[in-house]
Every structure is written in structure tokens, then in C-alpha cells.
Amino acid sequence: MCASAAALAAAFAITPAPAPATEAPPARPSLAPAGPRILGLRHAEGRTRVALRLPQAAGLRVFGLQDPPRLVVEFDGAAWEGTPPPPPPDGLVAGVRAGLVADGRARLVLDLARPARLAEAVQMPDPEDPAGQATVLRLELAYESPGDFEARAGWPEGQGPLAPAPPPADPRPLVMLDPGHGGMDPGAIRGEAVEKVLVMRFARDLAAALEATGRWRVALTREDDRYLGLAERVARAEAAGAAVLLSLHANTVARGDAVGASIFTLAAGQVDAETEALADSENRADVAPGDDRAVEPDAALRAVHEIGMRRALLASRRLGDALAAELSQTTPMLRGRAHTHAGFRVLKSSRVAAALVELGFLSNAQDLARLQDPAWRARAAGAVAKGVEIWAEDGAAQPFASLAR
Ligand SMILES: [Zn+2]
């Protein structure tokens, strides 16, 4: 049976490095690596750990296959360096094979002694690479019951042993729009106005504006009024290979008066108390049973130490700047805070340039009137679409905006 790509991405999302590496990779020549290399394999405390060095940060695809049971790890890469080491005795891995797939992906196959799942994947900068490009990827495998392994195993959609995934029929990059909240979670409410409804209307207008440029494919994380966890929203963008994730919200304040739109991108340095409080209120949407809890603010900060995150962070910052610059020509921006940084869960990705747009305050009469005015929505959607276009010309955007992935 075949698990969906979204489920795979959610199940195997890379977690940020929790702390500086305690297991230093073995010494090796300081020449910049050209291809991936297996640094080591060991088994302890019931878990088998695999350490790899990659020439640069990469998105991972991991899936299990039956007959014989094995875990497959794939990422964009070049030919492997060195030969795989022998697996440790009594571990979960019985054999290791490394090779290239036809479309330029590096593939690592871990033949399993017992059914296992990927319990953790951590990618961190390689401290021995002076250029700061290489990363160390640590995979941790844990035992899984045969039934669970069988239920999960299968080739990803569109891929099989003889059929590598074809390039998308439409090569344009994808912009994923994420209307905030939904279902049991209405978001902000002020009188008759409900955030989840207003942001869905805006998402539809923005989709039309982006499609009108002819440059982008557009998709929505939710097409109707349903609840989606914050991690699931990011997972959907990543699984679809989106270049950009735009999360759409409207704000409210209980006290005082705040007016205007604002853009958030992921915080890398100090998060001031005000922004953190706001991030907490948005993250509180993540309360469904069994859902991922919102990321801790310090976890969001730690995440940016990962090289892939740094690249995404830079691209996201430029995206935020472009969006704020365009939107400010159309509508008032929150004073002094047109573009700020926060630890929103939905901004945390190493594979998608992400920004969260607060369109205005339901608690402010003028903002509320604007949000409910179709003419304003069309203008503001046009400004956001223009911002994405301008961003796409930025050098920092190129890893994300130049290709369909
Ligand atoms: Zn919201």
C-alpha cells in the first residue's frame, strides 16, 4: 500500500539540531566534499544510528519497502564517496547500499534485520567544512511492529522501482497559500466578522492575482472550512514542493487600538516580548488531540542554526521585505512593525520560503471595513502578488523560486 506524500513528509519532518553535536564525525580531509559519504553506523539502546555527510543541506525523502524489508533515504545529490561501512551486529540494519537514481537523486538503502521506522532525522552544519556548505545528517532508526511497518511501507506516489518520478507537467514554481484557522478553530472574531472566513476570501483573491501573472502554480493548504494543524500546513507545502508558503491571518487586540497590515518571517535572533506573545496566540491554534504541539520559541531559534534553515530564512526575509514594500503602497501598515520576526510554527521550514501576512485588525473599524471590501481585497491581493514577483528576482530567492521542485 502506498502512503501519501503528505503523510510521509509529516512523519519524517526533519527536526532541528537540539544541541551541538556530541558525537564528532571522524576526522577526514578538509577538501570540500563533492558527494555524500556515510560517516558511521552504530547501534545502542535499541536504536541504530546512521551519520552521513552531505555536500549541502538537502530535503529528504524516506520510505519503507517490503520484500525484503528496507528503508530508503533519498535526497538531491551527487555520486557517493567511499564505500558503506559494515552494519553493527545485533542492530536494526543488516546491510547498506548507496547509489544514484536516474534523475540525480542520491539513494541510501538500509536493509533491515527487523522492521524499523525513522524515529529522528537531524541535519546540522558540518563543523569541519570551512565553506559552511556541508551538513551532517544523523538518522535514528527505532524498532517498529511488523504490522505498522507493513501498513506504512510503499513507494511514494508517482514513483516505483522502474519508474522514477516524472518532472511535473507544469514546470512553474508553486505558491502555497495557507488560509489561517478553519473548522473548529475560527481564529479572531469581532461581531459578525470571523478570521477564518475573511482569510479564505483573501486567499481566493490572491490565488487569482498570482495566477493572472502566468508565472506561478497556486494551491491552498485548505480548500474548505476545515481544521488543519500548523505542522500539517507546512508539511503540505513541503510535500507539494512549494517555493513559497504564504500564511494568511487577520489580527485582533483586546485593549487599545492597533491598525494596519504586517508581515512576519521566522525569527533568528532576539524575539522581543511583544512579538513572542503574538506568536503564542497564533500557535495556540494547534490544540487538536494528536496534533503536533506548537514549536517552542527557543526551538524556532535553534532551528536556524541548521544550514538549510539559514538559506530558507534569508529567502523568507527577502520575501517579507518585498511583501511589506508592496503592501505598504496599497494599505496602512502596522506602525513600526511592517515586517517583523516571530517563532510562528508555520514559518519553520528549510525547504519553503515562508511568510505570514496579518491583513489587518478586526478590532479596528477601518481595518475591518477594508477586509470586507472586495475592491480593497483585490488591490491588496495584487500588491502581495507583485511582492512575490519582485522577490522572485532576488538572488536569495533563486534556490526556491527558479525551479519547480
Ligand atoms: Zn490568525
# chains A, B, ... in the order shown; residues from 1 in each chain; ligands from 1
call {"tool": "residues_near_ligand", "arguments": {"ligand": "ligand 1", "cutoff": "8 Å", "atoms": "only C-alpha atoms and all ligand atoms", "output": "ChimeraX atom specification"}}
result
/A:180-181,187-188,195-196,248-251,282,358
call {"tool": "write_last_selection", "arguments": {"atoms": "N, CA and C atoms", "output": "tab-separated table (two decimals), in the first residue's frame"}}
result
chain	number	residue	atom	x	y	z
A	180	GLY	N	-5.50	30.91	7.27
A	180	GLY	CA	-5.35	30.52	8.67
A	180	GLY	C	-6.62	29.95	9.27
A	181	HIS	N	-6.42	29.14	10.33
A	181	HIS	CA	-7.54	28.61	11.13
A	181	HIS	C	-8.46	27.74	10.25
A	187	GLY	N	-10.38	31.36	14.65
A	187	GLY	CA	-9.45	32.49	14.69
A	187	GLY	C	-10.10	33.65	15.40
A	188	ALA	N	-9.70	34.86	15.03
A	188	ALA	CA	-10.24	36.06	15.70
A	188	ALA	C	-11.70	36.25	15.30
A	195	GLU	N	-12.28	35.50	11.42
A	195	GLU	CA	-11.00	35.47	10.72
A	195	GLU	C	-10.92	34.38	9.67
A	196	LYS	N	-11.34	33.14	10.04
A	196	LYS	CA	-11.17	32.01	9.11
A	196	LYS	C	-11.92	32.24	7.79
A	248	LEU	N	-2.07	33.26	5.77
A	248	LEU	CA	-2.89	34.47	5.78
A	248	LEU	C	-3.73	34.54	7.05
A	249	HIS	N	-3.62	35.67	7.74
A	249	HIS	CA	-4.33	35.85	9.01
A	249	HIS	C	-4.87	37.26	9.11
A	250	ALA	N	-5.78	37.46	10.07
A	250	ALA	CA	-6.20	38.79	10.48
A	250	ALA	C	-6.10	38.81	11.99
A	251	ASN	N	-5.83	39.98	12.53
A	251	ASN	CA	-5.46	40.08	13.93
A	251	ASN	C	-6.57	40.72	14.75
A	282	GLU	N	-1.04	32.87	18.07
A	282	GLU	CA	-1.28	32.17	16.80
A	282	GLU	C	-0.98	30.68	16.96
A	358	GLU	N	-0.44	39.25	8.27
A	358	GLU	CA	-1.58	39.69	9.08
A	358	GLU	C	-2.20	40.83	8.28
call {"tool": "select_by_dssp", "arguments": {"residues": "segment 46-109 of chain A", "states": "strand (DSSP E)", "output": "ChimeraX atom specification"}}
result
/A:47-54,61-65,70-76,93-100,105-109
call {"tool": "closest_residue", "arguments": {"among": "A:Ala239, A:Leu359, A:Val384, A:Ala258", "to": "Gly336 of chain A", "atoms": "only C-alpha atoms"}}
result
A:Ala258
call {"tool": "select_by_dssp", "arguments": {"residues": "segment 17-241 of chain A", "states": "alpha helix (DSSP H)", "output": "ChimeraX atom specification"}}
result
/A:146-152,195-213,230-239
call {"tool": "residues_around", "arguments": {"residues": "segment 93-99 of chain A", "least_positions_apart": "5", "cutoff": "9 Å", "atoms": "only C-alpha atoms", "output": "PyMOL selection string"}}
result
chain A and resi 38+43+48+70+79-80+83-88+105-114+116+141
call {"tool": "residues_around", "arguments": {"residues": "Ala312 of chain A", "least_positions_apart": "6", "cutoff": "8 Å", "atoms": "only C-alpha atoms", "output": "list in words"}}
result
Ser349, Ser350, Arg351, Val352, Ala353 and Ala354 of chain A
call {"tool": "atom_distance", "arguments": {"atom1": "atom CA of Arg190 of chain A", "atom2": "atom CA of Glu223 of chain A"}}
result
23.3 Å
call {"tool": "closest_atom_pairs", "arguments": {"of": "segment 148-253 of chain A", "to": "segment 375-382 of chain A", "cutoff": "9 Å", "atoms": "only C-alpha atoms", "output": "JSON lines"}}
result
{"residue": "A:Arg201", "atom": "CA", "partner": "A:Arg377", "partner_atom": "CA", "distance": 8.4}
{"residue": "A:Phe202", "atom": "CA", "partner": "A:Arg377", "partner_atom": "CA", "distance": 6.3}
{"residue": "A:Ala203", "atom": "CA", "partner": "A:Ala381", "partner_atom": "CA", "distance": 8.2}
{"residue": "A:Asp205", "atom": "CA", "partner": "A:Ala381", "partner_atom": "CA", "distance": 6.1}
{"residue": "A:Leu206", "atom": "CA", "partner": "A:Ala381", "partner_atom": "CA", "distance": 4.6}
{"residue": "A:Ala207", "atom": "CA", "partner": "A:Ala381", "partner_atom": "CA", "distance": 8.3}
{"residue": "A:Ala208", "atom": "CA", "partner": "A:Ala381", "partner_atom": "CA", "distance": 8.5}
{"residue": "A:Ala209", "atom": "CA", "partner": "A:Gly382", "partner_atom": "CA", "distance": 5.6}
{"residue": "A:Leu210", "atom": "CA", "partner": "A:Gly382", "partner_atom": "CA", "distance": 7.8}
call {"tool": "write_last_selection", "arguments": {"atoms": "N, CA and C atoms", "output": "short mmCIF file (atom, residue, chain, number, x, y, z; two decimals), in the first residue's frame"}}
result
data_model
loop_
_atom_site.label_atom_id
_atom_site.label_comp_id
_atom_site.auth_asym_id
_atom_site.auth_seq_id
_atom_site.Cartn_x
_atom_site.Cartn_y
_atom_site.Cartn_z
N ARG A 201 -11.48 34.20 1.92
CA ARG A 201 -11.84 35.08 0.80
C ARG A 201 -10.58 35.72 0.22
N PHE A 202 -9.71 36.17 1.11
CA PHE A 202 -8.48 36.82 0.62
C PHE A 202 -7.62 35.81 -0.15
N ALA A 203 -7.56 34.59 0.36
CA ALA A 203 -6.76 33.56 -0.31
C ALA A 203 -7.25 33.33 -1.73
N ASP A 205 -8.81 35.50 -3.65
CA ASP A 205 -8.44 36.67 -4.46
C ASP A 205 -6.95 36.65 -4.79
N LEU A 206 -6.15 36.25 -3.80
CA LEU A 206 -4.71 36.21 -4.02
C LEU A 206 -4.34 35.12 -5.02
N ALA A 207 -5.03 33.98 -4.94
CA ALA A 207 -4.78 32.91 -5.92
C ALA A 207 -5.05 33.43 -7.33
N ALA A 208 -6.14 34.18 -7.48
CA ALA A 208 -6.47 34.73 -8.81
C ALA A 208 -5.40 35.71 -9.27
N ALA A 209 -4.92 36.55 -8.36
CA ALA A 209 -3.91 37.55 -8.72
C ALA A 209 -2.60 36.88 -9.12
N LEU A 210 -2.22 35.83 -8.39
CA LEU A 210 -0.97 35.13 -8.72
C LEU A 210 -1.11 34.38 -10.04
#
call {"tool": "residues_around", "arguments": {"residues": "Arg215 of chain A", "least_positions_apart": "2", "cutoff": "9 Å", "atoms": "only C-alpha atoms", "output": "ChimeraX atom specification"}}
result
/A:172-173,210-213,217,389
call {"tool": "residues_around", "arguments": {"residues": "segment 314-326 of chain A", "least_positions_apart": "3", "cutoff": "10 Å", "atoms": "only C-alpha atoms", "output": "ChimeraX atom specification"}}
result
/A:244-246,261-268,309-311,329-331,333,337-341,347,349,352-357,380,382-392,394-401
call {"tool": "atom_distance", "arguments": {"atom1": "atom CA of Gln123 of chain A", "atom2": "atom CA of Gly229 of chain A"}}
result
23.8 Å
call {"tool": "residues_around", "arguments": {"residues": "Leu174 of chain A", "least_positions_apart": "4", "cutoff": "7 Å", "atoms": "only C-alpha atoms", "output": "short mmCIF file (atom, residue, chain, number, x, y, z; two decimals) with C-alpha atoms, in the first residue's frame"}}
result
data_model
loop_
_atom_site.label_atom_id
_atom_site.label_comp_id
_atom_site.auth_asym_id
_atom_site.auth_seq_id
_atom_site.Cartn_x
_atom_site.Cartn_y
_atom_site.Cartn_z
CA TRP A 216 3.12 30.54 -10.74
CA ARG A 217 1.12 27.48 -9.97
CA VAL A 218 -1.07 28.11 -6.93
CA ALA A 242 6.16 24.65 -2.96
CA ALA A 243 8.63 27.50 -3.48
CA VAL A 244 6.65 29.86 -1.26
CA ALA A 404 9.62 23.65 -9.83
#
call {"tool": "atom_distance", "arguments": {"atom1": "atom CA of Asp224 of chain A", "atom2": "atom CA of Glu238 of chain A"}}
result
19.9 Å
call {"tool": "closest_residue", "arguments": {"among": "A:Val101, A:Asp178, A:Pro374, A:Ala342", "to": "Ala231 of chain A", "atoms": "only C-alpha atoms"}}
result
A:Asp178
